[in-house]
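Next up, my_file23.pdb (PDB, C-alpha atoms and all ligand atoms):
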MODEL        1
ATOM      1  CA  MET A 247     105.944  62.952  82.392
ATOM      2  CA  VAL A 248     102.925  60.983  81.202
ATOM      3  CA  LEU A 249     102.391  58.854  78.081
ATOM      4  CA  ILE A 250      98.834  58.226  76.924
ATOM      5  CA  THR A 251      97.997  55.719  74.183
ATOM      6  CA  GLY A 252      95.037  56.632  71.999
ATOM      7  CA  GLY A 253      95.725  60.259  72.899
ATOM      8  CA  GLY A 254      94.511  61.581  69.562
ATOM      9  CA  ALA A 255      90.814  61.468  70.434
ATOM     10  CA  GLY A 256      88.168  61.015  73.109
ATOM     11  CA  ILE A 257      89.207  60.028  76.622
ATOM     12  CA  GLY A 258      92.931  59.924  75.783
ATOM     13  CA  ALA A 259      92.875  63.461  74.352
ATOM     14  CA  GLY A 260      90.794  64.664  77.317
ATOM     15  CA  LEU A 261      93.232  63.226  79.860
ATOM     16  CA  ALA A 262      96.198  64.569  77.871
ATOM     17  CA  ALA A 263      94.690  68.080  78.022
ATOM     18  CA  ALA A 264      94.069  67.760  81.779
ATOM     19  CA  PHE A 265      97.658  66.662  82.515
ATOM     20  CA  HIS A 266      99.004  69.370  80.207
ATOM     21  CA  ALA A 267      96.922  72.022  81.991
ATOM     22  CA  ARG A 268      98.571  70.962  85.254
ATOM     23  CA  GLY A 269     102.006  71.536  83.780
ATOM     24  CA  SER A 270     102.906  67.870  83.167
ATOM     25  CA  GLN A 271     104.916  66.925  80.120
ATOM     26  CA  VAL A 272     102.650  64.766  77.958
ATOM     27  CA  ILE A 273     103.310  62.311  75.126
ATOM     28  CA  ILE A 274     100.269  61.230  73.131
ATOM     29  CA  ALA A 275     100.760  57.974  71.245
ATOM     30  CA  GLY A 276      98.373  56.595  68.676
ATOM     31  CA  HIS A 277      98.040  55.613  65.086
ATOM     32  CA  GLY A 278      96.311  58.528  63.379
ATOM     33  CA  GLN A 279      99.188  61.004  63.041
ATOM     34  CA  ALA A 280      97.025  63.899  61.826
ATOM     35  CA  ARG A 281      94.650  63.533  64.765
ATOM     36  CA  LEU A 282      97.545  63.367  67.230
ATOM     37  CA  GLU A 283      99.142  66.451  65.742
ATOM     38  CA  ALA A 284      95.855  68.357  65.857
ATOM     39  CA  VAL A 285      95.604  67.639  69.603
ATOM     40  CA  ALA A 286      99.265  68.562  70.196
ATOM     41  CA  ALA A 287      98.850  71.821  68.259
ATOM     42  CA  ARG A 288      96.296  72.960  70.836
ATOM     43  CA  HIS A 289      98.724  72.193  73.680
ATOM     44  CA  PRO A 290     102.202  73.663  73.197
ATOM     45  CA  GLY A 291     104.990  71.273  74.123
ATOM     46  CA  MET A 292     102.847  68.138  73.891
ATOM     47  CA  GLN A 293     104.792  65.349  72.166
ATOM     48  CA  VAL A 294     103.414  63.022  69.487
ATOM     49  CA  GLU A 295     104.433  59.402  68.891
ATOM     50  CA  VAL A 296     102.892  57.235  66.184
ATOM     51  CA  VAL A 297     102.343  53.600  67.149
ATOM     52  CA  ASP A 298      99.966  50.728  66.536
ATOM     53  CA  VAL A 299      99.605  49.227  70.018
ATOM     54  CA  ALA A 300      98.621  45.908  68.446
ATOM     55  CA  ASP A 301     102.097  45.544  66.931
ATOM     56  CA  PRO A 302     104.568  44.323  69.596
ATOM     57  CA  GLN A 303     107.613  45.443  67.592
ATOM     58  CA  GLN A 304     106.279  48.980  67.188
ATOM     59  CA  VAL A 305     105.473  49.067  70.902
ATOM     60  CA  MET A 306     108.984  47.934  71.894
ATOM     61  CA  ALA A 307     110.513  50.521  69.533
ATOM     62  CA  LEU A 308     108.308  53.216  71.091
ATOM     63  CA  ALA A 309     109.419  52.286  74.607
ATOM     64  CA  GLU A 310     113.045  52.421  73.497
ATOM     65  CA  ARG A 311     112.630  55.887  71.910
ATOM     66  CA  VAL A 312     110.764  57.217  74.936
ATOM     67  CA  GLY A 313     113.261  55.695  77.383
ATOM     68  CA  GLN A 314     116.146  57.397  75.593
ATOM     69  CA  ARG A 315     114.478  60.775  75.214
ATOM     70  CA  TRP A 316     112.289  61.009  78.317
ATOM     71  CA  PRO A 317     113.666  58.637  80.982
ATOM     72  CA  GLN A 318     111.696  60.611  83.612
ATOM     73  CA  LEU A 319     108.409  58.999  82.450
ATOM     74  CA  ILE A 320     106.337  58.160  85.529
ATOM     75  CA  THR A 321     102.809  57.538  84.242
ATOM     76  CA  VAL A 322     101.636  55.370  81.351
ATOM     77  CA  ILE A 323      97.953  55.330  80.474
ATOM     78  CA  ASN A 324      97.001  52.252  78.482
ATOM     79  CA  ASN A 325      93.947  53.792  76.834
ATOM     80  CA  ALA A 326      93.829  52.954  73.097
ATOM     81  CA  GLY A 327      90.783  50.904  72.244
ATOM     82  CA  ILE A 328      88.222  50.087  69.571
ATOM     83  CA  GLN A 329      84.673  48.779  69.634
ATOM     84  CA  HIS A 330      82.883  46.727  66.982
ATOM     85  CA  LEU A 331      79.489  45.092  66.950
ATOM     86  CA  PHE A 332      79.162  41.399  66.057
ATOM     87  CA  ASP A 333      76.014  39.311  65.699
ATOM     88  CA  PHE A 334      76.833  35.632  66.129
ATOM     89  CA  ALA A 335      73.140  34.844  65.501
ATOM     90  CA  ALA A 336      73.449  36.103  61.908
ATOM     91  CA  PRO A 337      73.895  33.493  59.173
ATOM     92  CA  GLY A 338      77.429  32.640  58.060
ATOM     93  CA  PRO A 339      80.787  33.198  59.685
ATOM     94  CA  LEU A 340      81.833  36.652  60.847
ATOM     95  CA  ASP A 341      84.863  38.572  59.594
ATOM     96  CA  ALA A 342      87.719  36.765  61.360
ATOM     97  CA  ALA A 343      90.204  39.603  60.794
ATOM     98  CA  GLU A 344      87.867  42.136  62.356
ATOM     99  CA  LEU A 345      87.194  39.856  65.339
ATOM    100  CA  GLY A 346      90.913  39.384  65.870
ATOM    101  CA  ARG A 347      91.711  43.066  65.531
ATOM    102  CA  GLU A 348      89.556  43.939  68.529
ATOM    103  CA  VAL A 349      91.408  41.407  70.680
ATOM    104  CA  ASP A 350      94.748  42.605  69.294
ATOM    105  CA  VAL A 351      94.123  46.266  70.132
ATOM    106  CA  ASN A 352      92.068  46.082  73.332
ATOM    107  CA  LEU A 353      93.787  43.181  75.078
ATOM    108  CA  LYS A 354      97.123  42.395  73.446
ATOM    109  CA  GLY A 355      97.835  46.122  73.024
ATOM    110  CA  VAL A 356      97.413  46.656  76.771
ATOM    111  CA  VAL A 357      99.711  43.711  77.504
ATOM    112  CA  TYR A 358     102.365  44.840  74.988
ATOM    113  CA  ILE A 359     102.421  48.384  76.386
ATOM    114  CA  ALA A 360     102.695  47.071  79.966
ATOM    115  CA  ASN A 361     105.531  44.728  79.030
ATOM    116  CA  ALA A 362     107.476  47.338  77.064
ATOM    117  CA  PHE A 363     107.140  50.190  79.564
ATOM    118  CA  LEU A 364     107.442  48.371  82.895
ATOM    119  CA  PRO A 365     111.261  48.391  82.879
ATOM    120  CA  LEU A 366     111.166  52.213  82.592
ATOM    121  CA  LEU A 367     108.448  52.557  85.233
ATOM    122  CA  LYS A 368     110.215  50.178  87.633
ATOM    123  CA  ALA A 369     113.329  52.362  87.446
ATOM    124  CA  GLN A 370     111.402  55.314  88.943
ATOM    125  CA  PRO A 371     111.077  55.850  92.697
ATOM    126  CA  ARG A 372     107.270  56.048  92.208
ATOM    127  CA  SER A 373     105.301  55.447  89.038
ATOM    128  CA  ARG A 374     101.998  54.144  87.771
ATOM    129  CA  LEU A 375     100.503  52.161  84.942
ATOM    130  CA  VAL A 376      96.832  52.886  84.279
ATOM    131  CA  ASN A 377      94.869  50.296  82.285
ATOM    132  CA  VAL A 378      91.550  51.483  80.895
ATOM    133  CA  GLY A 379      88.835  48.878  81.358
ATOM    134  CA  SER A 380      85.084  49.440  81.099
ATOM    135  CA  GLY A 381      81.842  48.905  82.967
ATOM    136  CA  LEU A 382      81.143  46.443  80.118
ATOM    137  CA  GLY A 383      83.976  44.291  81.445
ATOM    138  CA  TYR A 384      81.643  43.584  84.378
ATOM    139  CA  VAL A 385      78.307  43.338  82.564
ATOM    140  CA  PRO A 386      78.593  42.684  78.806
ATOM    141  CA  LEU A 387      76.784  44.563  76.081
ATOM    142  CA  ALA A 388      75.581  41.630  73.951
ATOM    143  CA  ALA A 389      75.882  43.628  70.723
ATOM    144  CA  ALA A 390      79.604  44.166  71.445
ATOM    145  CA  PRO A 391      80.610  40.693  72.637
ATOM    146  CA  ILE A 392      84.312  40.823  71.770
ATOM    147  CA  TYR A 393      84.725  44.337  73.153
ATOM    148  CA  SER A 394      83.051  43.326  76.432
ATOM    149  CA  SER A 395      85.209  40.182  76.648
ATOM    150  CA  THR A 396      88.435  42.108  76.076
ATOM    151  CA  LYS A 397      87.491  44.529  78.865
ATOM    152  CA  ALA A 398      86.772  41.626  81.257
ATOM    153  CA  ALA A 399      90.204  40.307  80.313
ATOM    154  CA  VAL A 400      91.831  43.697  80.924
ATOM    155  CA  HIS A 401      90.258  43.666  84.395
ATOM    156  CA  SER A 402      91.690  40.216  85.143
ATOM    157  CA  PHE A 403      95.105  41.097  83.684
ATOM    158  CA  THR A 404      95.258  44.262  85.771
ATOM    159  CA  ILE A 405      94.543  42.398  89.012
ATOM    160  CA  ALA A 406      97.239  39.811  88.216
ATOM    161  CA  LEU A 407      99.741  42.521  87.286
ATOM    162  CA  ARG A 408      99.038  44.471  90.473
ATOM    163  CA  ARG A 409      99.735  41.373  92.508
ATOM    164  CA  GLN A 410     102.960  40.604  90.670
ATOM    165  CA  LEU A 411     104.205  44.176  91.091
ATOM    166  CA  LYS A 412     103.208  44.468  94.735
ATOM    167  CA  GLY A 413     106.783  44.878  95.963
ATOM    168  CA  SER A 414     107.787  47.262  93.163
ATOM    169  CA  THR A 415     107.560  51.043  92.819
ATOM    170  CA  VAL A 416     104.819  50.742  90.200
ATOM    171  CA  GLN A 417     101.188  51.304  91.139
ATOM    172  CA  VAL A 418      98.857  49.398  88.805
ATOM    173  CA  VAL A 419      95.556  51.225  88.353
ATOM    174  CA  GLU A 420      92.378  50.194  86.578
ATOM    175  CA  LEU A 421      90.257  53.042  85.247
ATOM    176  CA  ILE A 422      86.683  51.847  84.718
ATOM    177  CA  PRO A 423      84.625  54.346  82.707
ATOM    178  CA  PRO A 424      80.875  54.367  82.234
ATOM    179  CA  VAL A 425      79.521  55.321  78.807
ATOM    180  CA  VAL A 426      81.301  58.556  77.860
ATOM    181  CA  VAL A 427      80.487  60.799  74.902
ATOM    182  CA  THR A 428      83.280  59.982  72.401
ATOM    183  CA  ASP A 429      83.627  58.523  68.903
ATOM    184  CA  LEU A 430      84.059  55.015  70.341
ATOM    185  CA  HIS A 431      80.352  54.474  69.726
ATOM    186  CA  ARG A 432      80.552  55.271  66.011
ATOM    187  CA  ASN A 433      79.251  51.787  65.154
ATOM    188  CA  LEU A 434      76.095  52.218  67.222
ATOM    189  CA  ASN A 435      73.143  54.136  65.778
ATOM    190  CA  GLU A 436      73.391  56.709  68.538
ATOM    191  CA  ILE A 437      75.386  57.560  71.672
ATOM    192  CA  PRO A 438      74.017  55.226  74.354
ATOM    193  CA  PRO A 439      71.608  56.806  76.853
ATOM    194  CA  ARG A 440      72.963  58.310  80.089
ATOM    195  CA  ALA A 441      76.407  58.882  78.552
ATOM    196  CA  MET A 442      78.701  61.055  80.661
ATOM    197  CA  GLU A 443      80.148  64.215  79.132
ATOM    198  CA  LEU A 444      83.887  63.910  78.475
ATOM    199  CA  ASP A 445      84.918  66.881  80.644
ATOM    200  CA  VAL A 446      82.978  65.499  83.629
ATOM    201  CA  PHE A 447      84.583  62.090  83.145
ATOM    202  CA  VAL A 448      88.082  63.571  82.880
ATOM    203  CA  ALA A 449      87.607  65.619  86.076
ATOM    204  CA  LYS A 450      86.442  62.532  88.001
ATOM    205  CA  THR A 451      89.340  60.475  86.659
ATOM    206  CA  MET A 452      91.910  63.100  87.631
ATOM    207  CA  ALA A 453      90.374  63.238  91.126
ATOM    208  CA  GLY A 454      90.629  59.421  91.399
ATOM    209  CA  LEU A 455      94.272  59.514  90.285
ATOM    210  CA  ASP A 456      95.022  62.276  92.799
ATOM    211  CA  LYS A 457      93.553  60.132  95.579
ATOM    212  CA  GLY A 458      95.936  57.344  94.600
ATOM    213  CA  ARG A 459      93.174  54.803  94.012
ATOM    214  CA  ASP A 460      93.994  51.394  92.551
ATOM    215  CA  GLU A 461      90.535  51.228  90.967
ATOM    216  CA  ILE A 462      88.868  54.361  89.633
ATOM    217  CA  VAL A 463      85.280  53.430  88.948
ATOM    218  CA  VAL A 464      83.357  56.332  87.445
ATOM    219  CA  GLY A 465      79.621  57.062  87.381
ATOM    220  CA  LEU A 466      77.331  54.246  86.290
ATOM    221  CA  ALA A 467      80.276  51.840  86.011
ATOM    222  CA  LYS A 468      79.910  51.602  89.812
ATOM    223  CA  ALA A 469      76.388  50.251  89.335
ATOM    224  CA  LEU A 470      77.604  47.687  86.799
ATOM    225  CA  GLN A 471      80.346  46.544  89.156
ATOM    226  CA  PHE A 472      77.753  46.185  91.917
ATOM    227  CA  PHE A 473      75.232  44.374  89.677
ATOM    228  CA  SER A 474      77.887  41.920  88.485
ATOM    229  CA  ARG A 475      78.483  40.891  92.077
ATOM    230  CA  VAL A 476      74.983  40.786  93.542
ATOM    231  CA  ALA A 477      72.492  40.627  90.663
ATOM    232  CA  PRO A 478      74.201  39.729  87.364
ATOM    233  CA  GLY A 479      70.904  38.916  85.604
ATOM    234  CA  LEU A 480      69.489  42.324  86.431
ATOM    235  CA  GLY A 481      72.711  44.013  85.300
ATOM    236  CA  LEU A 482      72.485  42.219  81.952
ATOM    237  CA  LYS A 483      68.912  43.442  81.520
ATOM    238  CA  VAL A 484      69.786  47.041  82.333
ATOM    239  CA  VAL A 485      72.755  47.168  79.948
ATOM    240  CA  ASN A 486      70.921  45.432  77.120
ATOM    241  CA  GLN A 487      67.445  46.908  77.635
ATOM    242  CA  GLN A 488      67.459  48.786  74.357
ATOM    243  CA  ALA A 489      68.359  45.677  72.443
ATOM    244  CA  ASP A 490      65.807  43.416  74.183
TER     245      ASP A 490
HETATM  246  N1  LIG B   1      83.725  56.147  75.513
HETATM  247  C1  LIG B   1      83.201  55.241  76.315
HETATM  248  O1  LIG B   1      81.977  55.189  76.544
HETATM  249  C2  LIG B   1      84.094  54.247  77.000
HETATM  250  C3  LIG B   1      83.541  53.484  78.036
HETATM  251  C4  LIG B   1      84.349  52.554  78.676
HETATM  252  C5  LIG B   1      85.672  52.402  78.289
HETATM  253  N2  LIG B   1      86.173  53.154  77.275
HETATM  254  C6  LIG B   1      87.565  52.924  76.893
HETATM  255  O2  LIG B   1      88.280  54.142  76.887
HETATM  256  C7  LIG B   1      89.362  54.052  75.950
HETATM  257  C8  LIG B   1      89.328  55.271  75.032
HETATM  258  O3  LIG B   1      88.124  55.216  74.267
HETATM  259  P1  LIG B   1      87.418  56.516  73.679
HETATM  260  O4  LIG B   1      86.007  56.479  74.104
HETATM  261  O5  LIG B   1      88.235  57.708  73.929
HETATM  262  O6  LIG B   1      87.418  56.119  72.120
HETATM  263  P2  LIG B   1      87.884  56.948  70.811
HETATM  264  O7  LIG B   1      87.378  58.343  70.910
HETATM  265  O8  LIG B   1      87.460  56.113  69.663
HETATM  266  O9  LIG B   1      89.472  56.978  70.936
HETATM  267  C9  LIG B   1      90.219  55.816  70.855
HETATM  268  C10 LIG B   1      91.649  56.175  70.551
HETATM  269  O10 LIG B   1      92.422  54.972  70.458
HETATM  270  C11 LIG B   1      93.249  55.060  69.310
HETATM  271  N3  LIG B   1      93.554  53.744  68.776
HETATM  272  C12 LIG B   1      92.698  52.821  68.306
HETATM  273  N4  LIG B   1      93.366  51.741  67.880
HETATM  274  C13 LIG B   1      94.681  51.989  68.091
HETATM  275  C14 LIG B   1      95.870  51.268  67.851
HETATM  276  N5  LIG B   1      95.848  50.042  67.321
HETATM  277  N6  LIG B   1      97.050  51.821  68.207
HETATM  278  C15 LIG B   1      97.093  53.059  68.737
HETATM  279  N7  LIG B   1      96.005  53.804  68.975
HETATM  280  C16 LIG B   1      94.809  53.273  68.654
HETATM  281  C17 LIG B   1      92.437  55.870  68.318
HETATM  282  O11 LIG B   1      93.299  56.409  67.345
HETATM  283  P3  LIG B   1      92.780  56.600  65.815
HETATM  284  O12 LIG B   1      91.538  57.427  65.933
HETATM  285  O13 LIG B   1      93.890  57.273  65.162
HETATM  286  O14 LIG B   1      92.510  55.230  65.308
HETATM  287  C18 LIG B   1      91.818  56.910  69.221
HETATM  288  O15 LIG B   1      92.701  57.978  69.405
HETATM  289  C19 LIG B   1      89.178  52.727  75.210
HETATM  290  O16 LIG B   1      90.009  51.748  75.790
HETATM  291  C20 LIG B   1      87.721  52.393  75.475
HETATM  292  O17 LIG B   1      87.470  51.015  75.406
HETATM  293  C21 LIG B   1      85.426  54.081  76.641
ENDMDL
END

Show this structure as structure tokens.
Ligand SMILES: NC(=O)c1ccc[n+]([C@@H]2O[C@H](COP(=O)([O-])OP(=O)(O)OC[C@H]3O[C@@H](n4cnc5c(N)ncnc54)[C@H](OP(=O)(O)O)[C@@H]3O)[C@@H](O)[C@H]2O)c1
Amino acid sequence: MVLITGGGAGIGAGLAAAFHARGSQVIIAGHGQARLEAVAARHPGMQVEVVDVADPQQVMALAERVGQRWPQLITVINNAGIQHLFDFAAPGPLDAAELGREVDVNLKGVVYIANAFLPLLKAQPRSRLVNVGSGLGYVPLAAAPIYSSTKAAVHSFTIALRRQLKGSTVQVVELIPPVVVTDLHRNLNEIPPRAMELDVFVAKTMAGLDKGRDEIVVGLAKALQFFSRVAPGLGLKVVNQQAD
């Protein structure tokens, strides 16, 4: 059984469909109930749970419900995320609530889900927690400074968690996507160039999970990881070339 946050759209819905096609029982959790139900309607037996991952009480309640109903849960995919653009060079202060919301969903949400579901995952003979990072966690997109920072933080958190859980039954995985064609980019004028099609991304992710990798780095995210280590200035130029 697999639970996927943000399963009502984009990458989460794509992974949910792939697990469902393999015969896994799938729970999609997110906050737009209609979108979740539309995905579930296309996949008989798929379960829907409404949750705001940024709310620790809702997340704990979700883990309790899931633990009671589906104690055989073995995979949790920490996928829900949002992206906003902020220009700190613009006059005046930015919208503090909007700034905070991105941190609450993309970073705190990942931490809350990990904390709430680890007791269930630890009780399994083998299980895994998959945190969704981003190539932008390695090389930031200047126009999305908070988003990029939260993804760098997710990377760091995932490494720390993996180390802490070394002796446990839980494998801690970081999935590092490149740009993928989804609605995440709704605040940009257009889908960024060289975006990967969702079905290609999902197939590569499933292959990485099947191989049991701790880090699944897909497509051009590999280049960003490499740039961040050997030529960070060049990486910054490549990612931000349209803006420069
Ligand atoms: N697409 C890319 O190029 C790309 C690249 C690197 C990493 N990623 C990461 O991949 C993950 C999925 O992104 P995506 O591209 O599939 O974006 P998406 O199409 O916008 O889907 C994001 C999903 O997250 C859900 N969500 C947002 N806030 C939530 C909250 N507070 N609680 C519960 N669910 C929430 C959304 O639900 P509602 O629609 O109901 O709000 C939606 O179903 C994100 O972590 C993103 O950062 C994406």

Evaluated on this file, the PyMOL selection byres (((chain A and resi 461-464) around 8) and not hetatm) picks out some residues - which ones are they, written as a compact mmCIF listing (two decimals) with C-alpha atoms, keeping the file's coordinate frame?
# COMPACT_ATOMS: atom_id res chain seq x y z
CA VAL A 419 95.56 51.22 88.35
CA GLU A 420 92.38 50.19 86.58
CA LEU A 421 90.26 53.04 85.25
CA ILE A 422 86.68 51.85 84.72
CA PRO A 423 84.62 54.35 82.71
CA PRO A 424 80.88 54.37 82.23
CA PHE A 447 84.58 62.09 83.14
CA LYS A 450 86.44 62.53 88.00
CA THR A 451 89.34 60.48 86.66
CA GLY A 454 90.63 59.42 91.40
CA LEU A 455 94.27 59.51 90.28
CA ARG A 459 93.17 54.80 94.01
CA ASP A 460 93.99 51.39 92.55
CA GLY A 465 79.62 57.06 87.38
CA LEU A 466 77.33 54.25 86.29
CA ALA A 467 80.28 51.84 86.01
CA LYS A 468 79.91 51.60 89.81

Mind pulling up the distance from atom C18 of ligand LIG 1 (chain B) to CA of Gly256 in chain A?
->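 Taking CA of Gly256 in chain A as the start and atom C18 of ligand LIG 1 (chain B) as the end point, the length is 6.7 Å.
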
Using the chain letters and numbers from the file, give me the residues hit by the PyMOL selection byres (((chain A and resi 364) around 10) and not hetatm), as a ChimeraX atom specification.
-> /A:309,322,359-363,365-369,373-375,411,416

Which residues of chain A come within 7 Å of ligand LIG 1 (chain B), and what is each one's closest atom pair and distance in Å (one decimal), counting only C-alpha atoms and all ligand atoms, sorted by chain and residue number, as JSON lines?
{"residue": "A:Thr251", "atom": "CA", "partner": "B:LIG1", "partner_atom": "N7", "distance": 5.9}
{"residue": "A:Gly252", "atom": "CA", "partner": "B:LIG1", "partner_atom": "O10", "distance": 3.5}
{"residue": "A:Gly253", "atom": "CA", "partner": "B:LIG1", "partner_atom": "O15", "distance": 5.2}
{"residue": "A:Gly254", "atom": "CA", "partner": "B:LIG1", "partner_atom": "O15", "distance": 4.0}
{"residue": "A:Ala255", "atom": "CA", "partner": "B:LIG1", "partner_atom": "O15", "distance": 4.1}
{"residue": "A:Gly256", "atom": "CA", "partner": "B:LIG1", "partner_atom": "O5", "distance": 3.4}
{"residue": "A:Ile257", "atom": "CA", "partner": "B:LIG1", "partner_atom": "O5", "distance": 3.7}
{"residue": "A:Gly258", "atom": "CA", "partner": "B:LIG1", "partner_atom": "O5", "distance": 5.5}
{"residue": "A:Ala275", "atom": "CA", "partner": "B:LIG1", "partner_atom": "C15", "distance": 6.6}
{"residue": "A:Gly276", "atom": "CA", "partner": "B:LIG1", "partner_atom": "N7", "distance": 3.7}
{"residue": "A:His277", "atom": "CA", "partner": "B:LIG1", "partner_atom": "O13", "distance": 4.5}
{"residue": "A:Gly278", "atom": "CA", "partner": "B:LIG1", "partner_atom": "O13", "distance": 3.3}
{"residue": "A:Gln279", "atom": "CA", "partner": "B:LIG1", "partner_atom": "O13", "distance": 6.8}
{"residue": "A:Arg281", "atom": "CA", "partner": "B:LIG1", "partner_atom": "O13", "distance": 6.3}
{"residue": "A:Val297", "atom": "CA", "partner": "B:LIG1", "partner_atom": "C15", "distance": 5.5}
{"residue": "A:Asp298", "atom": "CA", "partner": "B:LIG1", "partner_atom": "N6", "distance": 3.5}
{"residue": "A:Val299", "atom": "CA", "partner": "B:LIG1", "partner_atom": "N6", "distance": 4.1}
{"residue": "A:Ala300", "atom": "CA", "partner": "B:LIG1", "partner_atom": "N5", "distance": 5.1}
{"residue": "A:Asn325", "atom": "CA", "partner": "B:LIG1", "partner_atom": "O16", "distance": 4.6}
{"residue": "A:Ala326", "atom": "CA", "partner": "B:LIG1", "partner_atom": "O10", "distance": 3.6}
{"residue": "A:Gly327", "atom": "CA", "partner": "B:LIG1", "partner_atom": "O16", "distance": 3.7}
{"residue": "A:Ile328", "atom": "CA", "partner": "B:LIG1", "partner_atom": "C12", "distance": 5.4}
{"residue": "A:Gln329", "atom": "CA", "partner": "B:LIG1", "partner_atom": "O17", "distance": 6.8}
{"residue": "A:Val351", "atom": "CA", "partner": "B:LIG1", "partner_atom": "N5", "distance": 5.0}
{"residue": "A:Asn352", "atom": "CA", "partner": "B:LIG1", "partner_atom": "O16", "distance": 6.5}
{"residue": "A:Val378", "atom": "CA", "partner": "B:LIG1", "partner_atom": "O16", "distance": 5.3}
{"residue": "A:Gly379", "atom": "CA", "partner": "B:LIG1", "partner_atom": "C5", "distance": 5.6}
{"residue": "A:Ser380", "atom": "CA", "partner": "B:LIG1", "partner_atom": "C4", "distance": 4.0}
{"residue": "A:Gly381", "atom": "CA", "partner": "B:LIG1", "partner_atom": "C4", "distance": 6.2}
{"residue": "A:Ile422", "atom": "CA", "partner": "B:LIG1", "partner_atom": "C4", "distance": 6.5}
{"residue": "A:Pro423", "atom": "CA", "partner": "B:LIG1", "partner_atom": "C4", "distance": 4.4}
{"residue": "A:Pro424", "atom": "CA", "partner": "B:LIG1", "partner_atom": "C3", "distance": 5.1}
{"residue": "A:Val425", "atom": "CA", "partner": "B:LIG1", "partner_atom": "O1", "distance": 3.3}
{"residue": "A:Val426", "atom": "CA", "partner": "B:LIG1", "partner_atom": "O1", "distance": 3.7}
{"residue": "A:Val427", "atom": "CA", "partner": "B:LIG1", "partner_atom": "N1", "distance": 5.7}
{"residue": "A:Thr428", "atom": "CA", "partner": "B:LIG1", "partner_atom": "O7", "distance": 4.7}
{"residue": "A:Asp429", "atom": "CA", "partner": "B:LIG1", "partner_atom": "O7", "distance": 4.3}
{"residue": "A:Leu430", "atom": "CA", "partner": "B:LIG1", "partner_atom": "O8", "distance": 3.6}
{"residue": "A:His431", "atom": "CA", "partner": "B:LIG1", "partner_atom": "N1", "distance": 6.9}
{"residue": "A:Ala441", "atom": "CA", "partner": "B:LIG1", "partner_atom": "O1", "distance": 7.0}

List every protein, DNA or RNA residue that has an atom no more than 12 Å from (93.1, 40.9, 73.9) in the file's coordinate frame, counting all atoms listed in the file, and report them as number ranges by chain.
-> A: 299-300, 327-328, 345-358, 379, 392-403

For the atom pair CA of Met442 in chain A and CA of Gly269 in chain A, what is the interatomic distance in Å to one decimal place?
->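 According to the coordinates, CA of Met442 in chain A and CA of Gly269 in chain A are separated by 25.7 Å.
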
Go ahead and compute the interatomic distance for CA of Val476 in chain A and CA of Ile405 in chain A, in Å to one decimal.
->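 Rounded to one decimal, the two atoms are 20.1 Å apart.
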
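For the set A:Leu319, A:Asp456, A:Glu310, A:Pro386, the residue with the smallest atom-to-atom gap to Ser474 in chain A is A:Pro386, counting all atoms listed in the file.
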